[in-house]
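Here is query.txt, consisting of compact mmCIF, C-alpha atoms:
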# COMPACT_ATOMS: atom_id res chain seq x y z
CA MET E 17 -79.79 -122.30 42.38
CA LEU E 18 -82.11 -123.10 45.32
CA PRO E 19 -84.01 -120.35 47.15
CA SER E 20 -84.27 -120.12 50.95
CA ARG E 21 -85.38 -117.34 53.30
CA ALA E 22 -83.73 -116.02 56.43
CA SER E 23 -84.86 -113.59 59.10
CA THR E 24 -82.27 -111.39 60.75
CA SER E 25 -81.86 -108.08 62.50
CA PHE E 26 -82.16 -105.11 60.17
CA HIS E 27 -79.64 -102.70 61.74
CA PRO E 28 -76.39 -104.53 60.83
CA LEU E 29 -77.24 -105.15 57.15
CA GLY E 30 -75.25 -102.13 56.01
CA VAL E 31 -72.13 -103.24 57.88
CA SER E 32 -71.78 -106.99 58.36
CA PHE E 33 -74.03 -109.53 59.90
CA SER E 34 -73.93 -113.00 61.32
CA LEU E 35 -75.75 -114.80 58.55
CA LEU E 36 -73.46 -113.57 55.79
CA LEU E 37 -70.38 -114.62 57.73
CA PHE E 38 -71.93 -117.99 58.49
CA LEU E 39 -72.88 -118.55 54.84
CA ALA E 40 -69.41 -117.60 53.66
CA VAL E 41 -68.14 -120.64 55.57
CA LEU E 42 -70.73 -122.99 54.03
CA VAL E 43 -70.93 -122.03 50.39
CA GLU E 44 -68.89 -120.38 47.72
CA GLU E 45 -71.65 -118.28 46.22
CA VAL E 46 -74.80 -116.91 47.81
CA GLU E 47 -77.10 -114.45 46.16
CA LEU E 48 -78.98 -112.27 48.67
CA LYS E 49 -82.06 -110.16 48.17
CA LEU E 50 -83.68 -108.03 50.84
CA LEU E 51 -87.38 -108.95 50.69
CA ALA E 52 -88.71 -106.89 53.59
CA TYR E 53 -87.53 -104.93 56.60
CA ASP E 54 -88.79 -102.91 59.51
CA ASP E 55 -86.27 -100.77 61.35
CA THR E 56 -88.65 -100.19 64.29
CA SER E 57 -88.83 -103.90 65.13
CA ASP E 58 -85.24 -104.36 63.85
CA LEU E 59 -86.22 -107.23 61.55
CA ALA E 60 -85.36 -108.10 57.98
CA LEU E 61 -86.29 -110.97 55.68
CA LEU E 62 -83.73 -112.07 53.13
CA ARG E 63 -83.99 -114.42 50.19
CA LEU E 64 -80.90 -116.58 49.79
CA VAL E 65 -80.18 -118.31 46.50
CA SER E 66 -77.40 -120.89 46.41
CA LYS E 67 -76.35 -124.19 44.86
CA ASN E 68 -76.82 -125.68 48.33
CA ARG E 69 -80.09 -126.23 50.17
CA PHE E 70 -80.31 -124.75 53.67
CA GLU E 71 -82.24 -126.25 56.54
CA CYS E 72 -84.47 -123.56 57.96
CA ALA E 73 -85.12 -122.94 61.63
CA LYS E 74 -88.72 -123.48 62.68
CA ILE E 75 -90.28 -120.37 64.19
CA ILE E 76 -92.19 -121.21 67.36
CA PRO E 77 -95.92 -121.27 66.56
CA LYS E 78 -98.42 -119.15 68.48
CA GLU E 79 -99.71 -122.28 70.23
CA HIS E 80 -96.31 -122.67 71.94
CA TRP E 81 -95.76 -119.08 73.08
CA GLN E 82 -96.62 -120.11 76.64
CA TYR E 83 -93.26 -121.95 76.71
CA MET E 84 -91.52 -118.58 76.43
CA TYR E 85 -91.50 -117.96 80.17
CA ARG E 86 -89.00 -116.48 82.64
CA PHE E 87 -86.05 -118.84 83.29
CA ALA E 88 -86.81 -121.08 80.28
CA PRO E 89 -83.42 -122.36 78.99
CA VAL E 90 -82.33 -120.95 75.62
CA TYR E 91 -79.50 -121.16 73.10
CA LEU E 92 -78.10 -118.15 71.24
CA VAL E 93 -76.42 -119.06 67.96
CA SER E 94 -74.48 -116.25 66.29
CA CYS E 95 -71.21 -115.24 64.65
CA PRO E 96 -69.81 -112.61 67.02
CA LEU E 97 -66.73 -110.61 66.17
CA GLY E 98 -66.65 -112.16 62.68
CA ILE E 99 -65.81 -115.69 63.82
CA ASP E 100 -67.49 -118.97 62.89
CA PRO E 101 -70.90 -119.58 64.45
CA PHE E 102 -71.03 -120.74 68.02
CA LEU E 103 -73.59 -121.29 70.71
CA THR E 104 -74.02 -119.77 74.15
CA THR E 105 -76.61 -120.82 76.69
CA GLY E 106 -78.76 -118.92 79.14
CA GLU E 107 -82.35 -118.31 80.18
CA ILE E 108 -85.15 -115.96 79.31
CA ALA E 109 -84.82 -113.13 81.82
CA ILE E 110 -87.86 -111.12 80.72
CA PRO E 111 -90.13 -112.75 78.12
CA PHE E 112 -91.77 -109.55 76.86
CA ILE E 113 -90.75 -105.96 77.56
CA LEU E 114 -91.63 -102.74 75.76
CA LEU E 115 -88.42 -100.93 74.83
CA ASP E 116 -88.42 -97.73 72.78
CA GLY E 117 -91.89 -98.58 71.46
CA SER E 118 -91.01 -102.13 70.36
CA ILE E 119 -91.61 -105.48 72.00
CA ARG E 120 -88.38 -107.18 73.08
CA MET E 121 -87.25 -110.24 75.02
CA MET E 122 -84.31 -110.13 77.44
CA THR E 123 -82.09 -113.19 77.87
CA ASN E 124 -78.88 -113.80 79.77
CA ALA E 125 -77.16 -115.95 77.13
CA PRO E 126 -73.79 -114.24 76.57
CA ALA E 127 -73.66 -112.19 73.38
CA TYR E 128 -70.95 -110.07 71.79
CA PHE E 129 -70.61 -107.41 69.14
CA GLY E 130 -71.52 -109.05 65.85
CA SER E 131 -74.14 -111.33 67.41
CA SER E 132 -76.93 -109.20 65.92
CA GLY E 133 -79.18 -111.23 63.68
CA GLY E 134 -78.38 -114.49 65.46
CA GLY E 135 -81.16 -116.81 66.51
CA ILE E 136 -82.37 -117.52 70.02
CA PHE E 137 -83.79 -121.03 70.33
CA LEU E 138 -85.86 -122.63 73.06
CA GLU E 139 -83.76 -125.46 74.48
CA SER E 140 -86.72 -127.84 74.94
CA THR E 141 -88.03 -127.65 71.35
CA LEU E 142 -85.14 -126.07 69.37
CA GLU E 143 -87.67 -123.65 67.88
CA LEU E 144 -86.63 -120.10 67.00
CA ILE E 145 -88.13 -117.84 69.66
CA ALA E 146 -86.32 -114.56 68.95
CA ILE E 147 -83.74 -112.80 66.79
CA PHE E 148 -80.89 -111.16 68.66
CA SER E 149 -80.92 -107.38 68.39
CA HIS E 150 -78.49 -105.75 70.82
CA ILE E 151 -76.51 -105.99 74.02
CA TYR E 152 -77.80 -104.27 77.14
CA THR E 153 -75.75 -101.24 78.13
CA PHE E 154 -75.52 -99.52 81.48
CA ARG E 155 -73.95 -96.04 81.45
CA SER E 156 -72.19 -96.84 78.13
CA THR E 157 -70.82 -100.14 79.47
CA ALA E 158 -71.80 -103.26 77.53
CA VAL E 159 -73.27 -105.96 79.76
CA THR E 160 -72.71 -108.98 77.52
CA HIS E 161 -74.73 -111.40 79.62
CA LEU E 162 -77.91 -109.31 79.24
CA ASN E 163 -79.30 -108.73 75.80
CA TYR E 164 -82.41 -107.78 73.89
CA SER E 165 -84.00 -109.71 71.04
CA THR E 166 -87.07 -109.38 68.89
CA PRO E 167 -89.41 -112.19 70.08
CA ALA E 168 -91.55 -114.58 68.02
CA PRO E 169 -94.83 -112.63 68.33
CA ALA E 170 -93.15 -109.63 66.69
CA ILE E 171 -91.58 -111.88 64.03
CA HIS E 172 -95.01 -113.37 63.22
CA THR E 173 -96.53 -109.87 63.02
CA PHE E 174 -93.67 -108.61 60.82
CA LEU E 175 -94.02 -111.53 58.39
CA LYS E 176 -97.80 -111.12 58.15
CA GLU E 177 -97.66 -107.32 57.74
CA LYS E 178 -95.04 -107.61 54.99
CA GLY E 179 -97.04 -110.22 53.07
CA TYR E 180 -94.96 -113.24 54.11
CA GLY E 181 -97.33 -114.73 56.68
CA PHE E 182 -97.45 -117.87 54.55
CA ILE E 183 -93.98 -118.73 55.89
CA VAL E 184 -95.29 -119.40 59.40
CA ASP E 185 -98.59 -120.76 58.04
CA GLU E 186 -96.63 -123.18 55.81
CA GLU E 187 -94.71 -124.50 58.83
CA LYS E 188 -97.98 -125.11 60.67
CA LYS E 189 -99.49 -126.98 57.68
CA GLN E 190 -96.39 -129.20 57.41
CA GLU E 191 -96.51 -129.96 61.14
CA THR E 192 -100.24 -130.81 60.94
CA SER E 193 -99.84 -133.08 57.91
CA ILE E 194 -96.94 -134.95 59.57
CA ALA E 195 -99.05 -135.48 62.72
CA GLU E 196 -102.06 -136.62 60.67
CA SER E 197 -99.88 -139.00 58.67
CA ALA E 198 -98.46 -140.50 61.86
CA LYS E 199 -101.99 -140.96 63.30
CA SER E 200 -103.24 -142.73 60.18
CA ARG E 201 -100.36 -145.21 60.33
CA GLY E 202 -101.41 -146.07 63.88
Let me see the structure of the file written as structure tokens.
Amino acid sequence: MLPSRASTSFHPLGVSFSLLLFLAVLVEEVELKLLAYDDTSDLALLRLVSKNRFECAKIIPKEHWQYMYRFAPVYLVSCPLGIDPFLTTGEIAIPFILLDGSIRMMTNAPAYFGSSGGGIFLESTLELIAIFSHIYTFRSTAVTHLNYSTPAPAIHTFLKEKGYGFIVDEEKKQETSIAESAKSRG
């Protein structure tokens, strides 16, 4: 069994969530363990153990946060309404907004019930820039083309505060060693 880690929204873990549905399509058996969570930021870190190896999304490093600007094109990948994963496209509407005491990002990539926990990726780099949290509502009406996500700075903070900062530090080390290796080969 091979271990992997996944970040997701915390609030749907008791019901159903995108990652579990997605994994059910890919593998026959997945062992899940909740490693850390924070209901205020609506984040959770899971350990996945399976016979299969999973490719992990790269979380955008701090050095690239300036690319998270208004109107930057994004992809939302999720498993809404219990169906297989699919992608919707949109833009960052508001890069950082304080909502109920937590930092959020608003995008206009269409989302639906069940999209919680899905990843929002920057189109230009394919780096994970946020984890989908919830659909915007106006007077109890869901506005599916406006949604809130927990952005990368909050994900970095969550991982570091919970003792898993090495995950983002590891990605940076790998990126640096690849660049150094390429330079040395000319």
Rank E:Leu175, E:Ala88, E:Ala127, E:Leu144 by their smallest atom-to-atom distance to Leu103 of chain E, using all atoms listed in the file, and report the top residue only.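 Result for the nearest residue to Leu103 of chain E: E:Ala127.
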Nearest to Phe87 of chain E among E:Gly135, E:Thr173, E:Glu107, E:Tyr164, with distances taken over all atoms listed in the file: which residue is it?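 Among the listed residues, the smallest separation from Phe87 of chain E belongs to E:Glu107.
Between atom CA of Ile136 of chain E and atom CA of Ser94 of chain E there is a distance of 8.8 Å.
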Enclose segment 165-174 of chain E, meaning all of its atoms listed in the file, in a box aligned along x, y and z, pad it by 3 Å on each side, and list the centre and edge lengths in Å to one decimal, as AutoDock Vina command-line options.
--center_x -90.3 --center_y -111.6 --center_z 65.9 --size_x 18.5 --size_y 12.0 --size_z 16.2
With distances taken over all atoms listed in the file, which residue among E:Lys67, E:Glu47, E:Leu162, E:Leu138 lies nearest Asn124 of chain E?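 Closest residue, counting all atoms listed in the file: E:Leu162.
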Give me the residues within 8 Å of Leu97 of chain E as number ranges by chain, counting only C-alpha atoms and dropping any in the same chain fewer than 5 places off. E: 128-131
In Å, with one decimal, what is the gap from atom CA of Thr157 of chain E to atom CA of Ala109 of chain E?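 Separation of atom CA of Thr157 of chain E and atom CA of Ala109 of chain E: 19.2 Å.
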Could you tell me how far atom CA of Ser118 of chain E sits from atom CA of Pro101 of chain E, in Å to one decimal place?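 About the pair atom CA of Pro101 of chain E and atom CA of Ser118 of chain E: they are 27.3 Å apart.
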Arg63 of chain E proximity check over E:Tyr180, E:Ala125, E:Gly134, E:Tyr85, using all atoms listed in the file: winner is E:Tyr180
Nearest residue to Ser132 of chain E out of E:Pro167, E:Pro111, E:Pro96, E:Gly106, using all atoms listed in the file?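 Comparing E:Pro167, E:Pro111, E:Pro96, E:Gly106 against Ser132 of chain E, the winner is E:Pro96.
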Of the candidates E:Met84, E:Ile99, E:Ile171, E:Ile110, which one gets nearest to Glu139 of chain E if we count all atoms listed in the file? E:Met84
Surrounding residues of Asp116 of chain E excluding itself and chain neighbours under 6 positions, 12 Å, all atoms listed in the file, as a CSV table (one decimal) with C-alpha atoms, in the coordinates of the input:
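Contents of around.csv, freshly written:
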chain,number,residue,atom,x,y,z
E,56,THR,CA,-88.6,-100.2,64.3
E,57,SER,CA,-88.8,-103.9,65.1
E,58,ASP,CA,-85.2,-104.4,63.8
E,164,TYR,CA,-82.4,-107.8,73.9
